[in-house]
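A.B. asks: Structure: run01.cif, mmCIF, C-alpha atoms and all ligand atoms.
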```cif
data_entry
loop_
_atom_site.label_atom_id
_atom_site.label_comp_id
_atom_site.auth_asym_id
_atom_site.auth_seq_id
_atom_site.Cartn_x
_atom_site.Cartn_y
_atom_site.Cartn_z
CA MET A 1 96.40 114.62 124.28
CA ALA A 2 95.26 115.69 120.85
CA ARG A 3 93.32 114.00 118.09
CA LEU A 4 95.21 113.98 114.78
CA VAL A 5 94.75 113.00 111.18
CA MET A 6 98.02 112.12 109.44
CA LYS A 7 97.81 111.80 105.64
CA PHE A 8 100.54 110.20 103.53
CA GLY A 9 100.67 110.62 99.75
CA GLY A 10 101.78 108.18 97.06
CA THR A 11 105.53 108.83 97.19
CA SER A 12 105.47 108.44 100.98
CA VAL A 13 104.01 104.91 100.70
CA ALA A 14 105.71 103.91 97.44
CA SER A 15 107.21 100.69 98.89
CA VAL A 16 106.92 98.53 102.01
CA GLU A 17 110.19 100.14 103.14
CA ARG A 18 108.62 103.60 102.92
CA ILE A 19 105.47 102.36 104.64
CA LYS A 20 107.71 101.30 107.54
CA ASN A 21 109.06 104.85 107.64
CA VAL A 22 105.48 106.17 107.71
CA ALA A 23 104.80 103.85 110.64
CA CYS A 24 107.67 105.54 112.53
CA HIS A 25 105.95 108.92 112.09
CA VAL A 26 102.71 107.38 113.38
CA LYS A 27 104.50 105.78 116.33
CA ARG A 28 105.95 109.14 117.35
CA GLU A 29 102.46 110.65 117.68
CA VAL A 30 100.98 107.57 119.37
CA ASP A 31 103.84 107.52 121.89
CA ALA A 32 103.14 111.19 122.62
CA GLY A 33 99.66 110.08 123.72
CA HIS A 34 97.66 111.30 120.71
CA GLU A 35 94.67 109.64 119.07
CA VAL A 36 95.61 109.05 115.44
CA ALA A 37 93.70 108.41 112.23
CA VAL A 38 96.01 107.88 109.26
CA VAL A 39 94.80 108.43 105.69
CA VAL A 40 96.81 106.86 102.88
CA SER A 41 97.06 107.19 99.10
CA ALA A 42 97.89 104.38 96.74
CA MET A 43 101.57 103.65 96.11
CA SER A 44 102.87 106.22 93.62
CA GLY A 45 102.11 105.27 90.01
CA LYS A 46 99.50 102.70 91.11
CA THR A 47 96.41 104.76 90.30
CA ASN A 48 97.73 105.57 86.82
CA GLU A 49 98.33 101.87 86.25
CA LEU A 50 94.79 101.02 87.37
CA VAL A 51 93.30 103.74 85.15
CA GLY A 52 95.28 102.19 82.28
CA TYR A 53 93.73 98.78 82.94
CA VAL A 54 90.26 100.31 82.85
CA THR A 55 90.75 102.06 79.53
CA ASP A 56 92.36 98.93 78.07
CA ALA A 57 89.34 96.91 79.18
CA ALA A 58 86.71 99.21 77.73
CA LYS A 59 87.09 102.46 75.83
CA LEU A 60 83.69 103.75 76.90
CA TYR A 61 83.79 102.36 80.41
CA ASP A 62 81.11 102.34 83.09
CA PRO A 63 82.32 104.89 85.67
CA ARG A 64 80.94 102.76 88.52
CA GLU A 65 83.30 99.93 87.63
CA TYR A 66 86.13 102.41 87.03
CA ASP A 67 85.72 103.41 90.68
CA VAL A 68 85.80 99.78 91.83
CA VAL A 69 89.12 99.28 90.05
CA VAL A 70 90.91 102.54 90.88
CA ALA A 71 89.85 102.53 94.56
CA SER A 72 91.77 99.29 95.06
CA GLY A 73 95.19 100.97 95.20
CA GLU A 74 94.36 102.59 98.54
CA GLN A 75 92.99 99.33 99.94
CA VAL A 76 96.43 97.76 99.52
CA THR A 77 98.32 100.54 101.33
CA SER A 78 95.85 100.79 104.24
CA GLY A 79 96.15 97.06 104.84
CA LEU A 80 99.95 97.13 104.60
CA LEU A 81 100.31 100.04 107.01
CA ALA A 82 97.98 98.36 109.54
CA LEU A 83 100.11 95.20 109.27
CA VAL A 84 103.35 97.12 109.82
CA LEU A 85 101.93 99.03 112.81
CA ASN A 86 100.65 95.83 114.42
CA ASP A 87 104.06 94.28 113.89
CA MET A 88 105.60 97.20 115.79
CA GLY A 89 103.23 96.56 118.69
CA ILE A 90 100.82 99.41 117.84
CA ALA A 91 97.16 98.39 117.70
CA ALA A 92 95.74 99.42 114.34
CA ARG A 93 93.05 98.43 111.85
CA SER A 94 92.29 99.43 108.28
CA TRP A 95 89.09 101.17 107.19
CA GLN A 96 87.82 101.32 103.62
CA GLY A 97 85.61 104.26 102.64
CA TRP A 98 82.43 102.18 102.88
CA GLN A 99 83.39 100.92 106.32
CA VAL A 100 83.94 104.35 107.88
CA PRO A 101 81.49 105.21 106.24
CA LEU A 102 82.51 108.20 104.20
CA TYR A 103 79.39 109.06 102.20
CA ALA A 104 79.80 110.67 98.79
CA ASP A 105 77.48 111.41 95.90
CA ASP A 106 77.26 109.25 92.79
CA ALA A 107 79.32 111.43 90.45
CA HIS A 108 81.57 108.42 89.89
CA GLY A 109 85.18 109.36 89.21
CA SER A 110 84.86 112.79 90.80
CA ALA A 111 82.39 112.30 93.63
CA ARG A 112 81.84 114.94 96.29
CA ILE A 113 81.83 114.03 99.96
CA GLU A 114 78.44 114.40 101.62
CA ASN A 115 79.35 113.48 105.16
CA VAL A 116 81.64 111.38 107.29
CA ASP A 117 80.37 109.24 110.16
CA GLY A 118 83.30 109.37 112.57
CA SER A 119 81.74 107.20 115.29
CA GLY A 120 83.47 103.93 114.38
CA ILE A 121 86.91 105.51 114.24
CA ILE A 122 86.28 107.30 117.54
CA ALA A 123 85.18 104.04 119.19
CA GLY A 124 88.51 102.58 118.04
CA PHE A 125 90.35 105.45 119.76
CA ALA A 126 88.64 104.51 123.03
CA ALA A 127 90.28 101.09 122.62
CA ARG A 128 93.67 102.83 121.88
CA GLU A 129 93.54 101.71 118.27
CA VAL A 130 95.00 103.63 115.33
CA ALA A 131 92.63 103.95 112.36
CA VAL A 132 94.27 103.48 108.94
CA VAL A 133 91.83 104.84 106.37
CA SER A 134 91.95 104.39 102.60
CA GLY A 135 91.90 107.84 101.03
CA PHE A 136 90.29 108.76 97.70
CA GLN A 137 87.21 106.55 98.18
CA GLY A 138 83.74 106.69 99.66
CA VAL A 139 80.38 105.05 99.28
CA HIS A 140 77.15 106.30 97.73
CA LYS A 141 74.50 105.77 100.39
CA ALA A 142 71.49 104.96 98.20
CA THR A 143 73.22 102.48 95.88
CA GLY A 144 75.90 101.20 98.24
CA ARG A 145 78.46 101.53 95.46
CA ILE A 146 82.10 102.58 95.81
CA THR A 147 82.89 106.07 94.58
CA THR A 148 86.20 107.90 94.14
CA LEU A 149 86.85 111.57 94.74
CA GLY A 150 88.86 112.58 91.67
CA ARG A 151 92.64 112.53 91.20
CA GLY A 152 94.46 113.78 94.26
CA GLY A 153 91.32 113.07 96.30
CA SER A 154 93.02 111.53 99.29
CA ASP A 155 93.88 115.05 100.51
CA THR A 156 90.16 115.72 100.56
CA SER A 157 89.46 112.44 102.37
CA ALA A 158 91.96 113.44 105.05
CA VAL A 159 90.50 116.86 105.73
CA ALA A 160 86.91 115.54 105.64
CA ILE A 161 87.80 112.80 108.11
CA ALA A 162 89.52 115.38 110.33
CA ALA A 163 86.27 117.38 110.31
CA GLY A 164 84.18 114.21 110.84
CA ILE A 165 86.11 113.08 113.92
CA LYS A 166 86.65 116.65 115.16
CA ALA A 167 90.43 116.35 114.99
CA ASP A 168 92.58 119.10 116.44
CA ARG A 169 94.61 119.22 113.27
CA CYS A 170 95.29 117.50 109.96
CA ASP A 171 98.89 116.84 108.91
CA ILE A 172 99.38 116.27 105.18
CA TYR A 173 102.72 114.51 104.72
CA THR A 174 104.10 114.72 101.22
CA ASP A 175 107.38 114.79 99.28
CA VAL A 176 107.91 118.53 99.77
CA ASP A 177 108.40 120.26 103.10
CA GLY A 178 105.63 122.82 102.81
CA ILE A 179 103.96 125.45 100.63
CA TYR A 180 106.30 127.74 98.73
CA THR A 181 105.87 131.30 97.46
CA THR A 182 106.02 129.78 93.98
CA ASP A 183 107.18 126.56 92.34
CA PRO A 184 110.73 126.06 93.72
CA ARG A 185 111.69 123.92 90.72
CA MET A 186 111.10 126.95 88.49
CA VAL A 187 112.30 129.68 90.84
CA PRO A 188 115.20 128.67 93.10
CA LYS A 189 114.62 131.84 95.16
CA ALA A 190 111.15 130.61 96.22
CA GLN A 191 110.69 130.49 99.99
CA ARG A 192 108.76 128.12 102.19
CA MET A 193 105.97 129.85 104.07
CA ASP A 194 105.42 129.20 107.77
CA LYS A 195 101.73 130.05 107.49
CA VAL A 196 99.23 130.79 104.74
CA SER A 197 95.53 131.60 105.07
CA PHE A 198 92.80 129.22 103.89
CA GLU A 199 91.62 131.77 101.32
CA GLU A 200 95.05 132.30 99.83
CA MET A 201 95.72 128.56 99.73
CA LEU A 202 92.41 128.03 97.97
CA GLU A 203 93.42 130.52 95.28
CA LEU A 204 96.96 129.12 95.02
CA ALA A 205 95.61 125.58 94.58
CA SER A 206 92.93 126.70 92.11
CA MET A 207 95.45 128.72 90.10
CA GLY A 208 97.87 125.85 89.58
CA ALA A 209 99.87 125.08 92.75
CA LYS A 210 99.67 121.30 92.76
CA VAL A 211 100.43 120.43 96.39
CA LEU A 212 96.83 120.00 97.56
CA GLN A 213 93.55 119.08 95.89
CA VAL A 214 91.44 122.25 95.75
CA ARG A 215 88.46 120.63 97.46
CA SER A 216 90.54 119.66 100.48
CA VAL A 217 91.27 123.35 101.07
CA GLU A 218 87.58 124.23 100.72
CA ILE A 219 86.66 121.70 103.39
CA ALA A 220 89.49 122.80 105.67
CA MET A 221 88.29 126.39 105.33
CA VAL A 222 84.61 125.65 105.95
CA HIS A 223 85.29 123.43 108.97
CA LYS A 224 88.28 125.47 110.16
CA VAL A 225 90.60 122.48 110.32
CA PRO A 226 94.17 123.70 110.95
CA THR A 227 96.10 121.84 108.26
CA TYR A 228 99.86 121.39 108.00
CA VAL A 229 101.70 120.47 104.80
CA ARG A 230 104.95 118.78 105.80
CA SER A 231 107.50 116.23 104.61
CA SER A 232 107.37 112.50 105.26
CA PHE A 233 111.07 112.38 104.39
CA ASP A 234 112.09 114.25 107.55
CA ASP A 235 113.64 112.24 110.37
CA PRO A 236 110.58 110.67 112.06
CA MET A 237 112.05 111.45 115.47
CA ASN A 238 112.78 115.07 114.69
CA PRO A 239 110.50 116.41 111.95
CA ASN A 240 109.85 119.99 110.80
CA THR A 241 106.33 121.34 111.13
CA GLY A 242 106.04 122.53 107.51
CA THR A 243 103.46 125.14 106.47
CA LEU A 244 100.31 125.77 108.51
CA ILE A 245 97.15 126.61 106.56
CA CYS A 246 94.93 128.52 108.96
CA ASP A 247 92.56 131.42 109.59
CA GLU A 248 93.93 134.75 108.45
CA GLU A 249 93.55 136.18 111.99
CA THR A 250 96.31 133.79 113.08
CA ILE A 251 98.76 135.40 110.65
CA VAL A 252 100.33 138.45 112.20
CA GLU A 253 102.66 139.72 109.52
CA GLN A 254 100.74 139.85 106.28
CA GLN A 255 102.46 140.44 102.95
CA VAL A 256 100.62 142.22 100.14
CA ILE A 257 101.29 139.27 97.83
CA THR A 258 102.01 135.87 99.36
CA GLY A 259 102.42 133.65 96.32
CA ILE A 260 102.68 133.38 92.54
CA ALA A 261 101.02 130.44 90.77
CA TYR A 262 100.96 129.40 87.14
CA SER A 263 99.02 127.00 85.00
CA LYS A 264 99.49 125.81 81.45
CA ASP A 265 96.17 124.00 81.45
CA ASP A 266 94.19 126.82 79.87
CA THR A 267 93.46 127.61 76.24
CA GLU A 268 92.14 130.77 74.64
CA ILE A 269 89.23 131.20 72.24
CA THR A 270 88.34 134.44 70.46
CA LEU A 271 85.13 135.09 68.56
CA ARG A 272 85.60 137.90 66.03
CA GLN A 273 82.85 140.33 65.12
CA VAL A 274 80.07 139.14 67.32
CA ALA A 275 76.93 141.28 67.17
CA ASP A 276 77.03 143.96 69.90
CA LYS A 277 73.53 143.57 71.32
CA PRO A 278 71.83 142.19 74.45
CA GLY A 279 71.78 138.41 74.79
CA VAL A 280 74.89 137.65 72.77
CA ALA A 281 77.10 136.77 75.74
CA ALA A 282 74.40 134.42 76.99
CA GLY A 283 74.21 132.90 73.50
CA VAL A 284 77.94 132.11 73.66
CA PHE A 285 78.33 131.03 77.28
CA MET A 286 75.07 129.21 78.03
CA PRO A 287 75.75 126.34 75.60
CA LEU A 288 79.25 125.96 77.09
CA ALA A 289 77.83 125.91 80.62
CA ASP A 290 75.23 123.35 79.56
CA ALA A 291 78.09 121.16 78.32
CA ASN A 292 79.80 121.53 81.71
CA ILE A 293 82.68 123.52 80.23
CA ASN A 294 84.18 125.83 82.78
CA VAL A 295 84.93 129.26 81.30
CA ASP A 296 87.45 131.25 83.30
CA MET A 297 88.75 134.58 81.96
CA ILE A 298 86.44 136.65 79.75
CA VAL A 299 87.36 139.82 77.84
CA GLN A 300 84.88 141.69 75.70
CA ASN A 301 86.07 144.70 73.76
CA ILE A 302 84.12 147.89 73.25
CA SER A 303 82.77 147.89 69.77
CA GLU A 304 84.28 150.36 67.32
CA ASP A 305 81.39 150.64 64.96
CA GLY A 306 78.58 150.11 67.48
CA ARG A 307 77.57 146.91 65.72
CA THR A 308 80.16 144.21 66.36
CA THR A 309 82.68 143.33 69.05
CA ASP A 310 85.26 140.62 69.85
CA ILE A 311 84.93 138.22 72.79
CA THR A 312 87.98 136.38 74.18
CA PHE A 313 87.80 133.75 76.92
CA THR A 314 89.65 130.75 78.30
CA VAL A 315 88.60 127.13 78.81
CA PRO A 316 90.58 124.20 80.27
CA ALA A 317 92.82 122.54 77.67
CA ALA A 318 90.96 119.26 78.11
CA GLU A 319 87.71 120.99 77.03
CA TYR A 320 89.16 122.96 74.11
CA ASP A 321 88.06 120.63 71.30
CA ARG A 322 84.55 120.25 72.71
CA ALA A 323 84.18 124.02 73.14
CA VAL A 324 85.33 124.74 69.58
CA ASP A 325 82.98 122.07 68.28
CA ILE A 326 79.97 123.52 70.10
CA LEU A 327 80.70 127.10 69.02
CA THR A 328 81.37 126.10 65.42
CA LYS A 329 78.00 124.38 65.22
CA LEU A 330 76.33 127.50 66.64
CA LYS A 331 78.18 129.92 64.32
CA ASP A 332 75.08 131.15 62.49
CA GLU A 333 72.90 131.20 65.56
CA ILE A 334 75.40 133.27 67.58
CA GLY A 335 76.40 135.27 64.53
CA TYR A 336 80.16 135.81 64.54
CA ARG A 337 82.61 136.14 61.67
CA ALA A 338 85.49 133.91 62.79
CA LEU A 339 86.72 131.75 65.63
CA GLN A 340 90.41 131.90 66.59
CA GLY A 341 92.02 129.60 69.12
CA ALA A 342 95.36 129.57 70.95
CA LYS A 343 96.65 126.64 72.94
CA ASP A 344 100.12 127.92 73.74
CA VAL A 345 99.08 130.19 76.56
CA ALA A 346 99.72 130.25 80.30
CA LYS A 347 97.95 131.87 83.20
CA VAL A 348 100.12 133.49 85.83
CA SER A 349 98.43 134.60 89.06
CA ALA A 350 99.49 136.64 92.07
CA ILE A 351 97.63 135.99 95.31
CA GLY A 352 97.52 137.87 98.57
CA ILE A 353 95.00 139.01 101.14
CA GLY A 354 96.90 142.31 101.33
CA MET A 355 95.45 143.22 97.91
CA ARG A 356 92.20 144.07 99.67
CA SER A 357 93.75 147.07 101.35
CA HIS A 358 96.41 148.18 98.86
CA ALA A 359 95.81 150.07 95.62
CA GLY A 360 97.81 149.61 92.44
CA VAL A 361 99.09 146.11 93.19
CA ALA A 362 98.15 144.71 89.78
CA ALA A 363 99.16 147.88 87.94
CA ARG A 364 102.77 147.41 89.12
CA ALA A 365 102.74 143.93 87.64
CA PHE A 366 101.50 145.12 84.25
CA LYS A 367 104.34 147.64 84.14
CA ALA A 368 106.98 145.09 85.20
CA LEU A 369 105.77 142.57 82.61
CA SER A 370 105.74 145.15 79.83
CA GLU A 371 109.33 146.13 80.68
CA LYS A 372 110.26 142.49 80.02
CA GLY A 373 108.43 142.62 76.69
CA ILE A 374 105.70 140.24 77.84
CA ASN A 375 102.37 140.85 76.14
CA ILE A 376 99.23 140.39 78.24
CA ARG A 377 96.40 138.71 76.33
CA ALA A 378 93.74 138.82 79.05
CA ILE A 379 93.41 139.87 82.68
CA THR A 380 91.09 138.91 85.51
CA THR A 381 91.05 140.19 89.05
CA SER A 382 89.27 139.28 92.24
CA GLU A 383 89.52 140.60 95.77
CA ILE A 384 92.73 138.75 96.64
CA LYS A 385 94.08 137.71 93.24
CA PHE A 386 94.86 138.83 89.73
CA SER A 387 95.73 136.65 86.77
CA VAL A 388 97.26 137.43 83.41
CA LEU A 389 97.13 135.26 80.35
CA ILE A 390 100.38 135.31 78.37
CA ASP A 391 102.24 133.31 75.72
CA ALA A 392 103.36 130.05 77.34
CA ALA A 393 106.97 130.63 76.30
CA TYR A 394 107.18 133.53 78.77
CA THR A 395 105.80 131.66 81.79
CA GLU A 396 109.05 131.32 83.67
CA LEU A 397 110.13 134.89 83.00
CA ALA A 398 106.75 136.21 84.15
CA VAL A 399 106.74 134.13 87.33
CA ARG A 400 110.28 135.21 88.22
CA THR A 401 109.51 138.85 87.46
CA LEU A 402 106.45 138.93 89.72
CA HIS A 403 108.17 136.93 92.45
CA SER A 404 110.93 139.56 92.64
CA LEU A 405 108.59 142.51 92.16
CA TYR A 406 106.60 141.67 95.29
CA GLY A 407 109.66 141.01 97.43
CA LEU A 408 109.24 137.25 97.67
CA ASP A 409 112.80 136.30 96.61
CA LYS A 410 114.91 134.52 99.18
CA ALA A 411 117.82 136.75 100.21
N1 LIG A 501 95.66 107.69 94.45
C1 LIG A 501 94.83 108.75 93.98
C2 LIG A 501 95.52 109.50 92.86
O1 LIG A 501 96.63 109.15 92.47
C3 LIG A 501 94.43 109.69 95.05
C4 LIG A 501 95.55 110.43 95.72
O2 LIG A 501 96.68 109.98 95.70
O3 LIG A 501 95.30 111.48 96.30
O4 LIG A 501 94.98 110.42 92.31
MG MG A 502 98.40 114.40 96.08
#
```
Now that the file is in, can you turn its structure into structure tokens?
C.D. replies:
Amino acid sequence: MARLVMKFGGTSVASVERIKNVACHVKREVDAGHEVAVVVSAMSGKTNELVGYVTDAAKLYDPREYDVVVASGEQVTSGLLALVLNDMGIAARSWQGWQVPLYADDAHGSARIENVDGSGIIAGFAAREVAVVSGFQGVHKATGRITTLGRGGSDTSAVAIAAGIKADRCDIYTDVDGIYTTDPRMVPKAQRMDKVSFEEMLELASMGAKVLQVRSVEIAMVHKVPTYVRSSFDDPMNPNTGTLICDEETIVEQQVITGIAYSKDDTEITLRQVADKPGVAAGVFMPLADANINVDMIVQNISEDGRTTDITFTVPAAEYDRAVDILTKLKDEIGYRALQGAKDVAKVSAIGIGMRSHAGVAARAFKALSEKGINIRAITTSEIKFSVLIDAAYTELAVRTLHSLYGLDKA
């Protein structure tokens, strides 16, 4: 007997018919003798609809009431799945975030989980009862108010609940059958991975792979929850296991590069002729940090004349206007000649634990990209990843080029 968390995303619960299919997956595990907690998203499209109601109701809305409204989508699906399971003769009850309780902080709209009290769910297991938990939502302990965990947050609920009830594994059921070496819609030669390490998955998710919320991977890594990404559209009686996200020690055959990710959510800002003296970088980046703007890639050129230099960096597209506004207001204080911005850029990243022990991995990419005539605007590297910023028009070509270069193409 094992203890499992099974999480189903929006497309998997998009209708009562699909919820009945989900119940068949749950039945399979219950019949095998396992203790099961299910975590559900809202029906696909529901959360967007609810967000629309909120912004229609009030342009500058109170985020606490936003959370009350948007958390309701998950309440509907948890109740429906419990009803369907009961109808099939499987004892089940629904749990809202505040009932578990799943405690989160009061950053309404993007709250972070503080801890999960698994005792109620575990007591239900003793009575052979399936727990059906609403994902995406928690409660702030001090105020007792409902909080939500940010878009895609039900992945994070699932992994946190798995940690909180000490589950043997967490199965994330979605509309794809696993994690691929890159986006299979862009690169038909992409391959499904059997296993990927927590660290690599964290980078893949952070760099643009959209299968899992980044924070869910962080929690899985910290609590060492073996997590599978698998398809809810498989035959419930004969499903595939999907991709296992696990400790790197569990992965025997390690590639140098395991995946290529891309993101078009970044924008580039260049400050021309900034004074080349101590304190200038702080003068540029502190005000952005104070405004909660996340700067990613930074390139500073060596100054030609010993007096001025250029600084280029990227910020998320959603923060571009605010960043430009802040820097324009500080033009005299910082002391630069001109600000140039570019929105049509993309970040392409290659990720692999093997980079730690192999030299020249990124250099090969720079050569391959130049042979395709792709200009690199900025570069960043870390221990297991490098990213290049390029013109957005070349995204697909760059992803395909790197995917082939590192031997990831399906034969
Ligand atoms: N329903 C929420 C959303 O659409 C949470 C989730 O599905 O993970 O973002
Ligand atoms: Mg999702």
A.B. asks: Using all atoms listed in the file, what table do you get, as JSON lines, when you list each residue of stretch 205-268 of chain A with an atom no more than 8 Å from stretch 295-314 of chain A, its nearest pair of atoms, and their distance in Å rounded to one decimal, rows by chain then rising number?
C.D. replies:
```
{"residue": "A:Asp266", "atom": "CA", "partner": "A:Thr314", "partner_atom": "CA", "distance": 6.2}
{"residue": "A:Thr267", "atom": "CA", "partner": "A:Thr314", "partner_atom": "CA", "distance": 5.3}
{"residue": "A:Glu268", "atom": "CA", "partner": "A:Thr314", "partner_atom": "CA", "distance": 4.4}
```
A.B. asks: Find the residues around A:Ala346 up to 8 Å (only C-alpha atoms counted), leave out those fewer than 3 positions away in its own chain, and share them as a CSV table (one decimal) with C-alpha atoms, in the coordinates of the input.
C.D. replies:
```csv
chain,number,residue,atom,x,y,z
A,262,TYR,CA,101.0,129.4,87.1
A,263,SER,CA,99.0,127.0,85.0
A,264,LYS,CA,99.5,125.8,81.4
A,265,ASP,CA,96.2,124.0,81.4
A,266,ASP,CA,94.2,126.8,79.9
A,267,THR,CA,93.5,127.6,76.2
A,389,LEU,CA,97.1,135.3,80.4
A,390,ILE,CA,100.4,135.3,78.4
A,391,ASP,CA,102.2,133.3,75.7
A,392,ALA,CA,103.4,130.0,77.3
A,395,THR,CA,105.8,131.7,81.8
```
A.B. asks: Check every protein, DNA and RNA residue against ligand MG 502 (chain A), keep those with an atom at most 7 Å away (counting only C-alpha atoms and all ligand atoms), and present them as a tab-separated table (two decimals) with C-alpha atoms, keeping the file's coordinate frame.
C.D. replies:
```
chain	number	residue	atom	x	y	z
A	9	GLY	CA	100.67	110.62	99.75
A	152	GLY	CA	94.46	113.78	94.26
A	154	SER	CA	93.02	111.53	99.29
A	155	ASP	CA	93.88	115.05	100.51
A	211	VAL	CA	100.43	120.43	96.39
A	212	LEU	CA	96.83	120.00	97.56
A	213	GLN	CA	93.55	119.08	95.89
```
A.B. asks: Excluding same-chain residues fewer than 3 positions from stretch 61-72 of chain A, what lies within 10 Å of it counting all atoms listed in the file, as a ChimeraX atom specification?
C.D. replies: /A:41-42,46-58,75-77,96-97,106-111,134-138,145-150
A.B. asks: Which residues are near stretch 182-195 of chain A? Cut-off 12 Å, only C-alpha atoms, ignore same chain within fewer than 5 positions. Put them as number ranges by chain.
C.D. replies: A: 176-177, 200-201, 204-205, 207-211, 226-230, 240-255, 257-263, 348-351, 395-404, 406-411
A.B. asks: List the spatial neighbours of A:Glu35 as an mmCIF file with C-alpha atoms, in the frame of the given file - criterion: any atom at most 7 Å away, only C-alpha atoms, same-chain residues fewer than 4 positions off excluded.
C.D. replies:
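What landed in selection-v5.cif:
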```
data_model
loop_
_atom_site.group_PDB
_atom_site.id
_atom_site.type_symbol
_atom_site.label_atom_id
_atom_site.label_comp_id
_atom_site.auth_asym_id
_atom_site.auth_seq_id
_atom_site.Cartn_x
_atom_site.Cartn_y
_atom_site.Cartn_z
ATOM 1 C CA ALA A 2 95.260 115.690 120.850
ATOM 2 C CA ARG A 3 93.320 114.000 118.090
ATOM 3 C CA LEU A 4 95.210 113.980 114.780
ATOM 4 C CA VAL A 30 100.980 107.570 119.370
ATOM 5 C CA PHE A 125 90.350 105.450 119.760
#
```
A.B. asks: Which of these residues is nearest to ligand LIG 501 (chain A), using only C-alpha atoms and all ligand atoms: A:Tyr173, A:Phe366, A:Trp98, A:Phe386?
C.D. replies: A:Tyr173
A.B. asks: Measuring atom to atom with only C-alpha atoms and all ligand atoms, identify which of A:Ile121, A:Val36, A:Ile379, A:Val13 is nearest to ligand LIG 501 (chain A).
C.D. replies: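 Counting only C-alpha atoms and all ligand atoms, the residue closest to ligand LIG 501 (chain A) is A:Val13.
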A.B. asks: By how many Å are atom CA of A:Ala23 and atom CA of A:Ala160 apart?
C.D. replies: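 Atom CA of A:Ala160 lies 21.9 Å from atom CA of A:Ala23.
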A.B. asks: Quick one: distance from atom CA of A:Glu74 to atom CA of A:Ile172 in Å, one decimal?
C.D. replies: 16.0 Å
A.B. asks: Considering only C-alpha atoms and all ligand atoms, state which residue in the set A:Gly153, A:Gly33, A:Gly354, A:Gly118 is at the smallest distance from ligand LIG 501 (chain A).
C.D. replies: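 Smallest distance to ligand LIG 501 (chain A) is found for A:Gly153.
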A.B. asks: Let me make sure I understand: among A:Val22, A:Ala365, A:Ala158, A:Leu330, which one has the smallest atom-to-atom distance to A:Val217 if we use only C-alpha atoms?
C.D. replies: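 Selected residue with least distance to A:Val217: A:Ala158.
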A.B. asks: Kindly indicate which residue among A:Val214, A:Asp168, A:Gly360, A:Asp105 lies nearest to ligand LIG 501 (chain A), using all atoms listed in the file for the distances.
C.D. replies: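 Comparing A:Val214, A:Asp168, A:Gly360, A:Asp105 against ligand LIG 501 (chain A), the winner is A:Val214.
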A.B. asks: Find the distance between atom CA of A:Ile19 and atom CA of A:Arg215 and write it in Å to one decimal.
C.D. replies: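 Separating atom CA of A:Ile19 from atom CA of A:Arg215 is a distance of 26.0 Å.
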A.B. asks: Using all atoms listed in the file, find the one residue out of A:Val274, A:Ser44, A:Ser382, A:Tyr320 that sits nearest to A:Thr11.
C.D. replies: A:Ser44
